[in-house]
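File shown: run_7.txt (compact mmCIF, C-alpha atoms and all ligand atoms).
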# COMPACT_ATOMS: atom_id res chain seq x y z
CA MET A 3 -31.00 7.76 23.55
CA MET A 4 -32.72 4.34 23.79
CA ASP A 5 -36.09 4.26 25.53
CA VAL A 6 -36.52 2.18 28.68
CA LYS A 7 -38.39 -0.66 26.97
CA GLU A 8 -35.76 -0.91 24.25
CA VAL A 9 -33.01 -1.06 26.84
CA LEU A 10 -34.79 -3.74 28.84
CA ASN A 11 -35.37 -5.84 25.73
CA TRP A 12 -31.72 -5.40 24.86
CA TYR A 13 -30.73 -6.74 28.28
CA ILE A 14 -33.20 -9.63 28.15
CA ASP A 15 -32.04 -10.63 24.66
CA ALA A 16 -28.46 -10.53 25.89
CA GLY A 17 -29.42 -12.95 28.68
CA VAL A 18 -28.99 -10.44 31.50
CA ASP A 19 -31.19 -11.52 34.37
CA VAL A 20 -29.04 -10.90 37.42
CA ILE A 21 -27.82 -7.63 38.84
CA CYS A 22 -24.47 -7.99 40.54
CA GLY A 23 -24.05 -4.47 41.90
CA ASP A 24 -25.86 -1.26 42.63
CA GLU A 25 -24.80 0.36 39.38
CA LEU A 26 -25.64 -0.78 35.87
CA MET A 27 -22.19 -1.48 34.48
CA SER A 28 -23.03 -0.60 30.91
CA ALA A 29 -25.08 2.49 31.70
CA ASN A 30 -22.41 4.83 30.36
CA VAL A 31 -21.84 2.80 27.24
CA LEU A 32 -25.52 2.72 26.37
CA ASP A 33 -26.42 6.14 27.68
CA VAL A 34 -29.14 4.45 29.74
CA PRO A 35 -31.38 6.74 31.76
CA ALA A 36 -30.98 6.34 35.54
CA ASN A 37 -34.62 5.26 36.02
CA VAL A 38 -33.98 2.04 34.10
CA GLU A 39 -32.39 0.40 37.14
CA LYS A 40 -35.66 -0.41 38.90
CA PRO A 41 -37.36 -2.05 35.88
CA VAL A 42 -34.22 -4.15 35.26
CA ALA A 43 -34.39 -5.30 38.88
CA ASP A 44 -38.05 -6.25 38.34
CA VAL A 45 -37.19 -8.24 35.23
CA SER A 46 -34.42 -9.97 37.12
CA GLN A 47 -36.83 -10.87 39.90
CA MET A 48 -39.32 -12.19 37.37
CA GLY A 49 -36.57 -14.44 36.01
CA MET A 50 -35.72 -15.67 39.49
CA ALA A 51 -39.38 -16.26 40.33
CA ALA A 52 -39.88 -18.21 37.10
CA ARG A 53 -36.89 -20.42 37.84
CA LYS A 54 -38.12 -21.04 41.38
CA ASN A 55 -41.53 -21.92 40.04
CA ALA A 56 -39.93 -24.26 37.47
CA ARG A 57 -37.95 -26.03 40.20
CA GLN A 58 -41.04 -26.39 42.39
CA LEU A 59 -43.06 -27.91 39.54
CA CYS A 60 -40.21 -30.29 38.77
CA GLU A 61 -40.08 -31.50 42.36
CA LYS A 62 -43.78 -32.39 42.18
CA ALA A 63 -43.42 -34.43 38.98
CA HIS A 64 -42.84 -38.15 39.47
CA SER A 65 -43.15 -39.20 35.84
CA LEU A 66 -42.52 -37.66 32.44
CA ALA A 67 -46.29 -37.49 31.89
CA GLU A 68 -46.71 -35.47 35.09
CA LEU A 69 -43.79 -33.26 34.16
CA ALA A 70 -45.31 -32.63 30.73
CA GLN A 71 -48.54 -31.54 32.42
CA TYR A 72 -46.67 -29.12 34.68
CA VAL A 73 -44.85 -27.74 31.64
CA GLU A 74 -48.22 -27.02 30.04
CA SER A 75 -49.21 -24.99 33.10
CA PHE A 76 -45.90 -23.12 33.20
CA ASP A 77 -45.80 -19.58 31.84
CA GLY A 78 -42.35 -18.50 32.98
CA CYS A 79 -40.65 -18.67 29.59
CA GLN A 80 -41.51 -15.92 27.12
CA LEU A 81 -40.84 -18.26 24.18
CA LYS A 82 -44.03 -20.14 24.92
CA ALA A 83 -46.04 -17.13 23.78
CA THR A 84 -44.53 -17.13 20.28
CA ALA A 85 -44.17 -20.88 19.73
CA LYS A 86 -46.94 -22.92 18.09
CA ARG A 87 -46.33 -26.06 20.17
CA THR A 88 -44.45 -27.29 23.20
CA VAL A 89 -41.73 -29.73 22.18
CA PHE A 90 -41.34 -31.74 25.36
CA GLY A 91 -39.44 -34.78 24.12
CA ASP A 92 -39.88 -38.03 22.28
CA GLY A 93 -38.95 -41.67 22.63
CA ASP A 94 -38.50 -44.43 25.17
CA GLU A 95 -39.00 -43.15 28.71
CA LYS A 96 -36.69 -45.90 29.97
CA ALA A 97 -34.04 -45.29 27.32
CA LYS A 98 -30.39 -46.01 28.01
CA ILE A 99 -29.41 -43.19 25.64
CA LEU A 100 -30.66 -39.64 26.08
CA LEU A 101 -29.93 -37.23 23.23
CA VAL A 102 -30.12 -33.51 23.98
CA GLY A 103 -30.22 -30.76 21.34
CA GLU A 104 -30.60 -27.02 21.70
CA ALA A 105 -34.06 -25.86 20.67
CA PRO A 106 -36.93 -26.80 18.38
CA GLY A 107 -36.84 -25.39 14.85
CA ALA A 108 -39.75 -24.65 12.53
CA ASP A 109 -40.51 -28.32 11.74
CA GLU A 110 -40.41 -29.32 15.41
CA ASP A 111 -42.58 -26.34 16.34
CA ARG A 112 -45.16 -27.47 13.80
CA GLU A 113 -45.13 -31.16 14.81
CA GLY A 114 -44.51 -30.85 18.54
CA LYS A 115 -41.63 -33.38 18.40
CA PRO A 116 -37.86 -32.88 18.55
CA PHE A 117 -35.56 -33.50 15.59
CA VAL A 118 -38.17 -34.16 12.90
CA GLY A 119 -36.72 -31.82 10.24
CA LYS A 120 -33.55 -32.14 8.15
CA SER A 121 -31.30 -32.36 11.22
CA GLY A 122 -33.54 -35.07 12.63
CA MET A 123 -33.39 -37.10 9.42
CA LEU A 124 -29.61 -37.01 9.54
CA LEU A 125 -29.62 -37.90 13.23
CA ASN A 126 -31.83 -40.93 12.54
CA LYS A 127 -29.47 -42.11 9.78
CA MET A 128 -26.41 -41.64 11.96
CA LEU A 129 -27.94 -43.57 14.82
CA ALA A 130 -28.98 -46.35 12.42
CA SER A 131 -25.46 -46.49 10.97
CA VAL A 132 -24.13 -47.70 14.32
CA GLY A 133 -27.10 -49.96 15.01
CA ILE A 134 -28.97 -47.66 17.40
CA GLU A 135 -32.68 -47.26 16.77
CA ARG A 136 -34.13 -43.85 17.44
CA LYS A 137 -37.20 -45.39 19.05
CA ASN A 138 -34.98 -46.92 21.73
CA CYS A 139 -33.54 -43.49 22.68
CA TYR A 140 -35.14 -40.49 24.33
CA ILE A 141 -34.63 -37.19 22.49
CA THR A 142 -35.18 -33.73 23.87
CA ASN A 143 -33.77 -30.20 23.82
CA ILE A 144 -32.65 -27.64 26.36
CA LEU A 145 -35.58 -25.46 25.33
CA MET A 146 -39.10 -26.70 24.80
CA TRP A 147 -40.21 -23.77 22.67
CA ARG A 148 -38.84 -22.49 19.38
CA PRO A 149 -37.03 -19.16 19.65
CA PRO A 150 -38.55 -16.79 17.05
CA GLY A 151 -36.68 -17.05 13.76
CA ASN A 152 -34.41 -19.71 15.34
CA ARG A 153 -32.43 -17.01 17.14
CA THR A 154 -29.92 -18.05 19.76
CA PRO A 155 -31.68 -18.59 23.10
CA THR A 156 -30.90 -16.05 25.80
CA GLY A 157 -29.21 -17.01 29.06
CA ALA A 158 -32.50 -16.36 30.87
CA GLU A 159 -34.40 -18.73 28.55
CA VAL A 160 -31.80 -21.45 29.06
CA ALA A 161 -31.76 -20.93 32.83
CA VAL A 162 -35.53 -21.24 33.18
CA SER A 163 -35.58 -24.36 30.99
CA LEU A 164 -32.76 -26.21 32.74
CA PRO A 165 -34.74 -27.40 35.79
CA PHE A 166 -37.13 -29.21 33.42
CA LEU A 167 -34.31 -30.82 31.47
CA LYS A 168 -32.59 -31.89 34.68
CA ARG A 169 -35.80 -33.43 36.00
CA LYS A 170 -36.24 -35.31 32.70
CA ILE A 171 -32.75 -36.73 33.17
CA GLU A 172 -33.59 -37.83 36.73
CA LEU A 173 -36.83 -39.47 35.63
CA ILE A 174 -35.36 -41.23 32.58
CA ASP A 175 -32.12 -42.12 34.39
CA PRO A 176 -30.22 -42.96 31.18
CA LYS A 177 -26.87 -44.73 31.09
CA VAL A 178 -25.45 -42.21 28.62
CA ILE A 179 -26.26 -38.63 27.62
CA VAL A 180 -25.27 -37.46 24.15
CA ALA A 181 -25.09 -33.66 23.97
CA LEU A 182 -25.70 -32.55 20.39
CA GLY A 183 -23.63 -29.40 19.98
CA ALA A 184 -21.89 -27.01 22.35
CA PRO A 185 -25.02 -25.29 23.73
CA ALA A 186 -26.41 -28.59 25.08
CA ALA A 187 -23.06 -29.70 26.50
CA ASN A 188 -22.31 -26.32 28.03
CA ALA A 189 -25.75 -25.92 29.58
CA LEU A 190 -25.71 -29.39 31.13
CA MET A 191 -22.12 -29.25 32.34
CA ASN A 192 -22.21 -25.57 33.33
CA ILE A 193 -19.12 -24.88 31.25
CA GLU A 194 -18.33 -22.61 28.32
CA GLU A 195 -16.27 -24.50 25.80
CA PRO A 196 -16.24 -24.64 22.02
CA ILE A 197 -17.43 -27.97 20.60
CA SER A 198 -13.99 -28.44 18.99
CA LYS A 199 -12.48 -28.75 22.47
CA ILE A 200 -14.98 -31.11 24.09
CA ARG A 201 -16.30 -33.23 21.19
CA GLY A 202 -15.69 -36.95 21.61
CA LYS A 203 -14.45 -36.62 25.21
CA TRP A 204 -16.38 -38.30 27.99
CA LEU A 205 -17.62 -35.93 30.68
CA GLU A 206 -19.61 -36.70 33.82
CA TYR A 207 -23.02 -35.15 34.37
CA GLU A 208 -23.89 -35.09 38.06
CA LEU A 209 -27.48 -35.59 39.19
CA SER A 210 -28.70 -33.66 42.24
CA VAL A 211 -28.56 -36.89 44.25
CA GLY A 212 -24.84 -37.12 43.53
CA LYS A 213 -25.07 -39.93 40.96
CA LYS A 214 -23.00 -39.41 37.80
CA ILE A 215 -23.97 -40.14 34.22
CA ASP A 216 -21.49 -40.38 31.33
CA LEU A 217 -22.03 -37.55 28.88
CA LEU A 218 -20.52 -37.33 25.43
CA PRO A 219 -20.58 -34.05 23.48
CA THR A 220 -20.71 -34.46 19.72
CA PHE A 221 -21.46 -32.29 16.72
CA HIS A 222 -24.99 -31.06 16.20
CA PRO A 223 -26.54 -32.64 13.07
CA ALA A 224 -27.23 -29.13 11.67
CA TYR A 225 -23.49 -28.48 11.77
CA LEU A 226 -22.87 -31.79 9.97
CA LEU A 227 -25.33 -30.81 7.25
CA ARG A 228 -23.16 -27.76 6.63
CA ASN A 229 -19.87 -29.62 7.14
CA PRO A 230 -20.39 -33.19 5.90
CA ALA A 231 -16.64 -33.90 6.08
CA GLN A 232 -17.01 -33.97 9.89
CA LYS A 233 -19.53 -36.80 9.85
CA ALA A 234 -16.82 -39.42 10.37
CA LYS A 235 -16.01 -37.88 13.77
CA SER A 236 -19.64 -38.02 14.86
CA TRP A 237 -19.85 -41.60 13.67
CA ALA A 238 -16.81 -42.42 15.82
CA ASP A 239 -18.52 -40.70 18.76
CA LEU A 240 -21.66 -42.80 18.36
CA LEU A 241 -19.53 -45.95 18.24
CA LYS A 242 -18.05 -44.85 21.58
CA VAL A 243 -21.58 -44.58 22.96
CA LYS A 244 -22.36 -48.12 21.78
CA LYS A 245 -19.16 -49.43 23.31
CA LYS A 246 -19.87 -47.71 26.62
CA LEU A 247 -23.32 -49.30 26.73
CA SER A 248 -22.07 -52.75 25.89
CA ASN A 249 -19.51 -52.48 28.70
CA SER A 250 -22.04 -51.33 31.29
N1 LIG B 301 -32.21 -28.64 16.34
C1 LIG B 301 -32.26 -28.90 17.67
O1 LIG B 301 -31.34 -28.57 18.42
N2 LIG B 301 -33.34 -29.52 18.13
C2 LIG B 301 -34.35 -29.91 17.37
O2 LIG B 301 -35.31 -30.48 17.89
C3 LIG B 301 -34.27 -29.64 15.99
C4 LIG B 301 -33.20 -29.01 15.50
Could you quickly redo this structure as structure tokens?
Ligand code: URA
Amino acid sequence: MMDVKEVLNWYIDAGVDVICGDELMSANVLDVPANVEKPVADVSQMGMAARKNARQLCEKAHSLAELAQYVESFDGCQLKATAKRTVFGDGDEKAKILLVGEAPGADEDREGKPFVGKSGMLLNKMLASVGIERKNCYITNILMWRPPGNRTPTGAEVAVSLPFLKRKIELIDPKVIVALGAPAANALMNIEEPISKIRGKWLEYELSVGKKIDLLPTFHPAYLLRNPAQKAKSWADLLKVKKKLSNS
């Protein structure tokens, strides 16, 4: 029999933050004691409160600098407690190209900037290969804090981070968003697709005001480090981004 805390942590790690019915669906499977229902409801409410708080802070921010200050005051994401630094974002605040990754790794956590490790070096080279300078882009991640041991972020962690990412997009107002990997594309588009299905296809990200921004999913540089034969496809994707910008 798992104890209540273990069960709750199991749910949180699995991204469960909403209760859809009166009964815990997996109670039988897990042999969960009946008294776990109330604490799960509390955790769910904490998640909802954190997201509400995130949205409220975002509404108050009228510049990236203000948003960064609100992020510093925000304690609704448990990852902040284990991360060394907040990795807010880096680059030109008026960039035409916004690149979005998943989460900071160890190097980013140490330096407080996104994509500064091996993946970042490859990203820089790939951008340069099509004549795009990193300093002219804005780069950020879905999450602003490193998940311990680089584990996959939970649904709750993504959900509480999304309002901040969406506000960044509104404030930067880029012409094109490049989603690096499936997690970034899926979180922004609210879909669940493998990267093999959506890579290289233009999608439309809709801002809350109804405006649409072209979004191109491509491979994450970490994937390319493991599968260098796929680099040509990413290169073709970045050429598409260049073409889109020159036509706009
Ligand atoms: N991987 C990401 O998704 N983001 C980073 O900032 C670094 C590695």
Taking all atoms of ligand LIG 301 (chain B) that appear in the file, build a box with edges along x, y and z, extend it by 5 Å on every side, and state its centre and edge lengths in Å to one decimal, as lines of an AutoDock Vina configuration file.
center_x = -33.3
center_y = -29.5
center_z = 17.0
size_x = 14.0
size_y = 11.9
size_z = 12.9
Which residues are near A:Lys244? Cut-off 9 Å, only C-alpha atoms, ignore same chain within fewer than 6 positions. Put them as a PDB file with C-alpha atoms, in the coordinates of the input.
ATOM      1  CA  VAL A 132     -24.130 -47.700  14.320  1.00  0.00           C
ATOM      2  CA  GLY A 133     -27.100 -49.960  15.010  1.00  0.00           C
ATOM      3  CA  ILE A 134     -28.970 -47.660  17.400  1.00  0.00           C
TER       4      ILE A 134
END
Practice task
Using all atoms listed in the file, give me every residue within 7 Å of (-19.7, -37.2, 18.4) in file coordinates, as a PyMOL selection string.
Solution key: chain A and resi 201-202+219-221+235-240
Practice task
Show which residues sit within 12 Å of A:Thr84, as number ranges by chain. Count only C-alpha atoms, and ignore same-chain residues fewer than 4 positions away.
Solution key: A: 77, 79-80, 88, 108, 111, 146-152
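The neighbours of A:Gly78 here are the residues that come within 10 Å of it, using all atoms listed in the file and leaving out any residue fewer than 6 positions away in the same chain; they are Met48, Gly49, Met50, Ala51, Ala52, Arg53, Lys54, Asn55, Ala56, Glu159, Val162 and Ser163 of chain A.
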If you keep C-alpha atoms, can you produce a file of those selected residues as a PDB file, in the coordinates of the input?
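Written output follows (part36.pdb):
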ATOM      1  CA  MET A  48     -39.320 -12.190  37.370  1.00  0.00           C
ATOM      2  CA  GLY A  49     -36.570 -14.440  36.010  1.00  0.00           C
ATOM      3  CA  MET A  50     -35.720 -15.670  39.490  1.00  0.00           C
ATOM      4  CA  ALA A  51     -39.380 -16.260  40.330  1.00  0.00           C
ATOM      5  CA  ALA A  52     -39.880 -18.210  37.100  1.00  0.00           C
ATOM      6  CA  ARG A  53     -36.890 -20.420  37.840  1.00  0.00           C
ATOM      7  CA  LYS A  54     -38.120 -21.040  41.380  1.00  0.00           C
ATOM      8  CA  ASN A  55     -41.530 -21.920  40.040  1.00  0.00           C
ATOM      9  CA  ALA A  56     -39.930 -24.260  37.470  1.00  0.00           C
ATOM     10  CA  GLU A 159     -34.400 -18.730  28.550  1.00  0.00           C
ATOM     11  CA  VAL A 162     -35.530 -21.240  33.180  1.00  0.00           C
ATOM     12  CA  SER A 163     -35.580 -24.360  30.990  1.00  0.00           C
TER      13      SER A 163
END
Could the residues that lie within 6 Å of ligand LIG 301 (chain B), counting only C-alpha atoms and all ligand atoms, be listed as an mmCIF file with C-alpha atoms, keeping the file's coordinate frame?
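Below is the file that was written, part14.cif:
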data_model
loop_
_atom_site.group_PDB
_atom_site.id
_atom_site.type_symbol
_atom_site.label_atom_id
_atom_site.label_comp_id
_atom_site.auth_asym_id
_atom_site.auth_seq_id
_atom_site.Cartn_x
_atom_site.Cartn_y
_atom_site.Cartn_z
ATOM 1 C CA GLY A 103 -30.220 -30.760 21.340
ATOM 2 C CA GLU A 104 -30.600 -27.020 21.700
ATOM 3 C CA ALA A 105 -34.060 -25.860 20.670
ATOM 4 C CA PRO A 106 -36.930 -26.800 18.380
ATOM 5 C CA GLY A 107 -36.840 -25.390 14.850
ATOM 6 C CA GLU A 110 -40.410 -29.320 15.410
ATOM 7 C CA PRO A 116 -37.860 -32.880 18.550
ATOM 8 C CA PHE A 117 -35.560 -33.500 15.590
ATOM 9 C CA SER A 121 -31.300 -32.360 11.220
ATOM 10 C CA ASN A 143 -33.770 -30.200 23.820
#
Fill in the blank from the handout: A straight line from atom CA of A:Leu124 to atom CA of A:Lys82 spans 27.0 Å
Completion exercise
Students should find that atom CA of A:Gln71 and atom CA of A:Asn126 are spaced 27.6 Å
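Put simply, atom CA of A:Leu66 is 15.3 Å away from atom CA of A:Ile144.
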Exercise for the section: Compile the contact shell of A:Ala187 as a PyMOL selection string: residues with an atom at most 10 Å away, counting only C-alpha atoms, same-chain residues fewer than 4 positions apart removed. Expected result: chain A and resi 102-104+144+179-183+191-197+200-201+205+207+217-220
Could the residues in this selection be written to a file with C-alpha atoms, as a short mmCIF file (atom, residue, chain, number, x, y, z; two decimals), keeping the file's coordinate frame?
data_model
loop_
_atom_site.label_atom_id
_atom_site.label_comp_id
_atom_site.auth_asym_id
_atom_site.auth_seq_id
_atom_site.Cartn_x
_atom_site.Cartn_y
_atom_site.Cartn_z
CA VAL A 102 -30.12 -33.51 23.98
CA GLY A 103 -30.22 -30.76 21.34
CA GLU A 104 -30.60 -27.02 21.70
CA ILE A 144 -32.65 -27.64 26.36
CA ILE A 179 -26.26 -38.63 27.62
CA VAL A 180 -25.27 -37.46 24.15
CA ALA A 181 -25.09 -33.66 23.97
CA LEU A 182 -25.70 -32.55 20.39
CA GLY A 183 -23.63 -29.40 19.98
CA MET A 191 -22.12 -29.25 32.34
CA ASN A 192 -22.21 -25.57 33.33
CA ILE A 193 -19.12 -24.88 31.25
CA GLU A 194 -18.33 -22.61 28.32
CA GLU A 195 -16.27 -24.50 25.80
CA PRO A 196 -16.24 -24.64 22.02
CA ILE A 197 -17.43 -27.97 20.60
CA ILE A 200 -14.98 -31.11 24.09
CA ARG A 201 -16.30 -33.23 21.19
CA LEU A 205 -17.62 -35.93 30.68
CA TYR A 207 -23.02 -35.15 34.37
CA LEU A 217 -22.03 -37.55 28.88
CA LEU A 218 -20.52 -37.33 25.43
CA PRO A 219 -20.58 -34.05 23.48
CA THR A 220 -20.71 -34.46 19.72
#
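Closest to A:Lys214 among A:Cys139, A:Val178, A:Ala83, A:Leu129 is A:Val178, based on all atoms listed in the file.
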Exercise for the section: Taking (-24.7, -47.1, 29.9) in the file's own coordinates, collect the residues within 9 Å, counting all atoms listed in the file, and hand them back as a list in words. Expected result: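 Residues found, by chain and rising number: Lys98, Ile99, Pro176, Lys177, Val178, Ile179, Ile215, Asp216, Val243, Lys244, Lys245, Lys246, Leu247, Ser248, Asn249 and Ser250 of chain A.
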Practice task
Between A:Thr156, A:Asn138, A:Ser198, A:Ser65, single out the one closest to A:Leu81, counting only C-alpha atoms.
Solution key: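 Once distances to A:Leu81 are computed over only C-alpha atoms, the minimum belongs to A:Thr156.
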Exercise for the section: Tell me which protein, DNA and RNA residues are within 8 Å of A:Phe166, counting only C-alpha atoms, leaving out same-chain ones fewer than 2 positions away, and put them as a PyMOL selection string. Expected result: chain A and resi 56-57+60+69+163-164+168-170
Can I get the selected residues back with C-alpha atoms, as an mmCIF file, in the frame of the given file?
data_model
loop_
_atom_site.group_PDB
_atom_site.id
_atom_site.type_symbol
_atom_site.label_atom_id
_atom_site.label_comp_id
_atom_site.auth_asym_id
_atom_site.auth_seq_id
_atom_site.Cartn_x
_atom_site.Cartn_y
_atom_site.Cartn_z
ATOM 1 C CA ALA A 56 -39.930 -24.260 37.470
ATOM 2 C CA ARG A 57 -37.950 -26.030 40.200
ATOM 3 C CA CYS A 60 -40.210 -30.290 38.770
ATOM 4 C CA LEU A 69 -43.790 -33.260 34.160
ATOM 5 C CA SER A 163 -35.580 -24.360 30.990
ATOM 6 C CA LEU A 164 -32.760 -26.210 32.740
ATOM 7 C CA LYS A 168 -32.590 -31.890 34.680
ATOM 8 C CA ARG A 169 -35.800 -33.430 36.000
ATOM 9 C CA LYS A 170 -36.240 -35.310 32.700
#
Exercise for the section: Would you mind telling me which residue in A:Ala184, A:Leu227, A:Ile171, A:Val211 lies nearest to A:His64 when using only C-alpha atoms? Expected result: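 Nearest candidate to A:His64 out of A:Ala184, A:Leu227, A:Ile171, A:Val211: A:Ile171.
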Give me stretch 103-118 of chain A with N, CA, C and O atoms filled in, as a compact mmCIF listing (two decimals), in the coordinates of the input.
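Final output, rebuild.txt:
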# COMPACT_ATOMS: atom_id res chain seq x y z
N GLY A 103 -30.57 -31.82 22.29
CA GLY A 103 -30.22 -30.76 21.34
C GLY A 103 -30.44 -29.40 21.97
O GLY A 103 -30.59 -29.28 23.20
N GLU A 104 -30.49 -28.37 21.14
CA GLU A 104 -30.60 -27.02 21.70
C GLU A 104 -32.05 -26.54 21.81
O GLU A 104 -32.54 -26.29 22.91
N ALA A 105 -32.71 -26.44 20.66
CA ALA A 105 -34.06 -25.86 20.67
C ALA A 105 -34.83 -26.33 19.45
O ALA A 105 -34.23 -26.61 18.41
N PRO A 106 -36.14 -26.41 19.55
CA PRO A 106 -36.93 -26.80 18.38
C PRO A 106 -36.77 -25.78 17.26
O PRO A 106 -36.63 -24.58 17.51
N GLY A 107 -36.81 -26.27 16.02
CA GLY A 107 -36.84 -25.39 14.85
C GLY A 107 -38.27 -25.33 14.33
O GLY A 107 -39.21 -25.75 15.01
N ALA A 108 -38.41 -24.84 13.09
CA ALA A 108 -39.75 -24.65 12.53
C ALA A 108 -40.51 -25.97 12.39
O ALA A 108 -41.71 -26.05 12.71
N ASP A 109 -39.82 -27.02 11.93
CA ASP A 109 -40.51 -28.32 11.74
C ASP A 109 -40.97 -28.89 13.08
O ASP A 109 -42.08 -29.42 13.20
N GLU A 110 -40.09 -28.78 14.07
CA GLU A 110 -40.41 -29.32 15.41
C GLU A 110 -41.55 -28.54 16.03
O GLU A 110 -42.44 -29.10 16.68
N ASP A 111 -41.53 -27.22 15.81
CA ASP A 111 -42.58 -26.34 16.34
C ASP A 111 -43.94 -26.72 15.74
O ASP A 111 -44.97 -26.71 16.42
N ARG A 112 -43.91 -27.11 14.48
CA ARG A 112 -45.16 -27.47 13.80
C ARG A 112 -45.67 -28.83 14.28
O ARG A 112 -46.84 -29.02 14.52
N GLU A 113 -44.72 -29.78 14.48
CA GLU A 113 -45.13 -31.16 14.81
C GLU A 113 -45.17 -31.45 16.30
O GLU A 113 -45.71 -32.47 16.72
N GLY A 114 -44.51 -30.61 17.08
CA GLY A 114 -44.51 -30.85 18.54
C GLY A 114 -43.55 -31.95 18.97
O GLY A 114 -43.65 -32.47 20.08
N LYS A 115 -42.61 -32.34 18.06
CA LYS A 115 -41.63 -33.38 18.40
C LYS A 115 -40.22 -32.90 18.04
O LYS A 115 -40.05 -32.19 17.03
N PRO A 116 -39.22 -33.33 18.84
CA PRO A 116 -37.86 -32.88 18.55
C PRO A 116 -37.25 -33.60 17.35
O PRO A 116 -37.60 -34.75 17.07
N PHE A 117 -36.35 -32.92 16.68
CA PHE A 117 -35.56 -33.50 15.59
C PHE A 117 -36.41 -34.27 14.57
O PHE A 117 -36.22 -35.46 14.35
N VAL A 118 -37.35 -33.55 13.97
CA VAL A 118 -38.17 -34.16 12.90
C VAL A 118 -37.90 -33.51 11.54
O VAL A 118 -38.45 -33.93 10.54
